[in-house]
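A.B. asks: If you scroll down you'll find the structure; I have some questions about it.
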Amino acid sequence: MRLEYFQMIDRVLAADGESLTAEARVPEASPVFEGHFPGHPLVPGVLLVETMAQASGYLLLRRFGFARMPFLASVKEAKLRSFVGPGASLTVEARLVHEGSGYAVTSGRIEAGGKRVCDAELTLRVLDFPAPELEAAMRAQAERIGLAAAAPAVPA
Amino acid sequence: MDSAFDRIAGIIAETSGLPREKITPDSHVIDDLGIDSLDFLDIVFAVDKEFGIKVPVEAWTQEVNAGQAPAGQYFVMKNLAARIEELVAAKKVGA
């Protein structure tokens, strides 16, 4: 994770058209921790929500073959169940709930050490890319985190 | 079973907080009921789930924006209900 650059996903572990599992490692140090909170560093809950949104976004980018861009539109039933501090290793999951016309609904979930940290239902608008630079940047990010190379998850 | 209109009106009332009695067959979802685009997204999701369809909102919006259809054809409640019934019927035929 590079919190200050909003790069929340480090590596995609598994993905198909319906779900995505990714890894996110919280840095030991970040300017974010200087304010949140002095003497008691914690990943802000809104950044955990952002992490679930980015996992959902990559799931949809892969599903739509980068033809369109997902934008976060709403977050429902967000539950922040435990604190996440520096150095934590997170497993992030996004699962498609519904694909509508111009939007998609996903469920997001983050675990640390096998324990659920947070979850939410997210709605993303799916729009044409507003700028070619954004499409290029998303493709580069996806390449960085191994989205295209990720294989579907093996059923447990 | 309630009519498509009643089911959609119930969804809109629940999603937007509008009194159910304010929603009439001649209500324009946006102009009269003041539903904004985000609430409309929630309504479409609920309608998709309730009727087991995919409401083609993007295609409708493109038609309206291109001047190929009046907005009322899709966004006045009685017409919206008729469009939903058509989608449900088309799904049954295709099933």
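Every chain in the structure tokens takes a letter, A first, then B, and so on in the order presented; its residues are numbered from 1, and the ligands are numbered from 1 following the presented order.
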Give me the chain A side of the contact with chain B, cut-off 7 Å, one line per residue showing its nearest atom pair and distance in Å at one decimal, counting only C-alpha atoms, sorted by chain and residue number, as JSON lines.
C.D. replies:
```
{"residue": "A:Gly100", "atom": "CA", "partner": "B:Lys54", "partner_atom": "CA", "distance": 5.8}
{"residue": "A:Ser101", "atom": "CA", "partner": "B:Pro56", "partner_atom": "CA", "distance": 5.4}
{"residue": "A:Gly102", "atom": "CA", "partner": "B:Glu58", "partner_atom": "CA", "distance": 6.1}
```
A.B. asks: Pick out the residues sitting within 12 Å of Leu134 (chain A), and hand them over as a PyMOL selection string; count only C-alpha atoms, and ignore anything fewer than 6 positions along from it in its own chain.
C.D. replies: chain A and resi 66-70+128+140-141
A.B. asks: Could those residues be written to a file, using C-alpha atoms, as a PDB file, in the first residue's frame?
C.D. replies:
```pdb
ATOM      1  CA  PHE A  66     -10.840  -2.199 -19.638  1.00  0.00           C
ATOM      2  CA  ALA A  67     -13.564  -0.932 -21.978  1.00  0.00           C
ATOM      3  CA  ARG A  68     -15.073   1.246 -19.232  1.00  0.00           C
ATOM      4  CA  MET A  69     -14.080   2.773 -15.900  1.00  0.00           C
ATOM      5  CA  PRO A  70     -15.812   2.050 -12.572  1.00  0.00           C
ATOM      6  CA  ASP A 128     -16.682   5.448 -20.585  1.00  0.00           C
ATOM      7  CA  ALA A 140      -0.394   0.355 -15.920  1.00  0.00           C
ATOM      8  CA  GLN A 141      -1.666  -0.097 -12.360  1.00  0.00           C
TER       9      GLN A 141
END
```
A.B. asks: If you run DSSP on the backbone here, which positions in chain B get helix (DSSP H, G or I)? Please write them as a ChimeraX atom specification.
C.D. replies: /B:4-16,20-22,37-51,57-65,72-75,77-94
A.B. asks: In Å, how far is it from CA of Arg139 (chain A) to CA of Val46 (chain A)?
C.D. replies: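 Here the two named atoms are 24.5 Å from each other.
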A.B. asks: Find the residues around Lys76 (chain A) up to 7 Å (only C-alpha atoms counted), leave out those fewer than 4 positions away in its own chain, and share them as a short mmCIF file (atom, residue, chain, number, x, y, z; two decimals) with N, CA and C atoms, in the first residue's frame.
C.D. replies:
```cif
data_model
loop_
_atom_site.label_atom_id
_atom_site.label_comp_id
_atom_site.auth_asym_id
_atom_site.auth_seq_id
_atom_site.Cartn_x
_atom_site.Cartn_y
_atom_site.Cartn_z
N ALA A 120 -18.41 -4.33 3.39
CA ALA A 120 -19.37 -3.33 2.92
C ALA A 120 -19.97 -3.78 1.60
N GLU A 121 -21.10 -3.18 1.26
CA GLU A 121 -21.65 -3.34 -0.08
C GLU A 121 -21.39 -2.05 -0.83
N LEU A 122 -20.82 -2.17 -2.04
CA LEU A 122 -20.42 -0.98 -2.80
C LEU A 122 -21.14 -0.93 -4.13
#
```
A.B. asks: Which residues are close to Leu18 (chain B), i.e. within 12 Å by only C-alpha atoms, leaving aside same-chain residues fewer than 6 positions away? Reply as a PyMOL selection string.
C.D. replies: chain B and resi 9-12+24+29+32-35+39
A.B. asks: Just the selected residues (C-alpha atoms), exported as an mmCIF file, in the first residue's frame, please.
C.D. replies:
```cif
data_model
loop_
_atom_site.group_PDB
_atom_site.id
_atom_site.type_symbol
_atom_site.label_atom_id
_atom_site.label_comp_id
_atom_site.auth_asym_id
_atom_site.auth_seq_id
_atom_site.Cartn_x
_atom_site.Cartn_y
_atom_site.Cartn_z
ATOM 1 C CA ALA B 9 -43.867 2.929 -6.346
ATOM 2 C CA GLY B 10 -43.189 0.956 -3.164
ATOM 3 C CA ILE B 11 -39.504 0.665 -4.072
ATOM 4 C CA ILE B 12 -39.257 4.399 -4.780
ATOM 5 C CA THR B 24 -48.972 8.624 -8.909
ATOM 6 C CA VAL B 29 -39.622 10.266 -11.515
ATOM 7 C CA ASP B 32 -42.010 15.570 -10.101
ATOM 8 C CA LEU B 33 -40.542 13.262 -7.477
ATOM 9 C CA GLY B 34 -37.096 14.891 -7.398
ATOM 10 C CA ILE B 35 -35.223 11.588 -7.487
ATOM 11 C CA ASP B 39 -31.213 7.426 -5.604
#
```
A.B. asks: Residues within 12 Å of Ala78 (chain A), please, as a list in words. Count only C-alpha atoms; anything in the same chain fewer than 6 positions from it doesn't count.
C.D. replies: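 Listed by chain and then number, they are Gly45, Val46, Leu48, Val49, Glu50, Met52, Ala53, Ser107, Gly108, Arg109, Ile110, Val117, Cys118, Asp119, Ala120, Glu121 and Leu122 of chain A.
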A.B. asks: Report as an MDAnalysis selection string all protein, DNA and RNA residues lying within 12 Å of Arg116 (chain A), evaluated on only C-alpha atoms, omitting residues in the same chain fewer than 4 positions from it.
C.D. replies: chainID A and resid 79:84 90:93 108:112 120
A.B. asks: Pick out the residues sitting within 7 Å of Gly72 (chain B), and hand them over as an NGL selection string; count only C-alpha atoms, and ignore anything fewer than 3 positions along from it in its own chain.
C.D. replies: :B and (28 or 75-76)
A.B. asks: Check the smallest atom-to-atom distance from each of B:Ala90, B:Ala13, B:Ala66, B:Ile23 to Lys78 (chain B) using only C-alpha atoms, then report the winner.
C.D. replies: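 The closest residue to Lys78 (chain B) is B:Ile23.
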A.B. asks: For Thr106 (chain A), which residue out of A:Gly57, A:Pro27, A:Pro41, A:Gly35 is the nearest one, using only C-alpha atoms?
C.D. replies: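 The shortest atom-to-atom distance to Thr106 (chain A) comes from A:Gly57.
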A.B. asks: Just the strand (DSSP E or B) stuff from chain A, please, per backbone DSSP, written as a ChimeraX atom specification.
C.D. replies: /A:2,7,11-15,19-25,69-80,89-99,103-112,115-127
A.B. asks: Under the rule that only C-alpha atoms are counted, which of B:Ile8, B:Thr15, B:Asp2, B:Arg20 is the nearest residue to Asp36 (chain B)?
C.D. replies: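 Nearest to Asp36 (chain B): B:Thr15.
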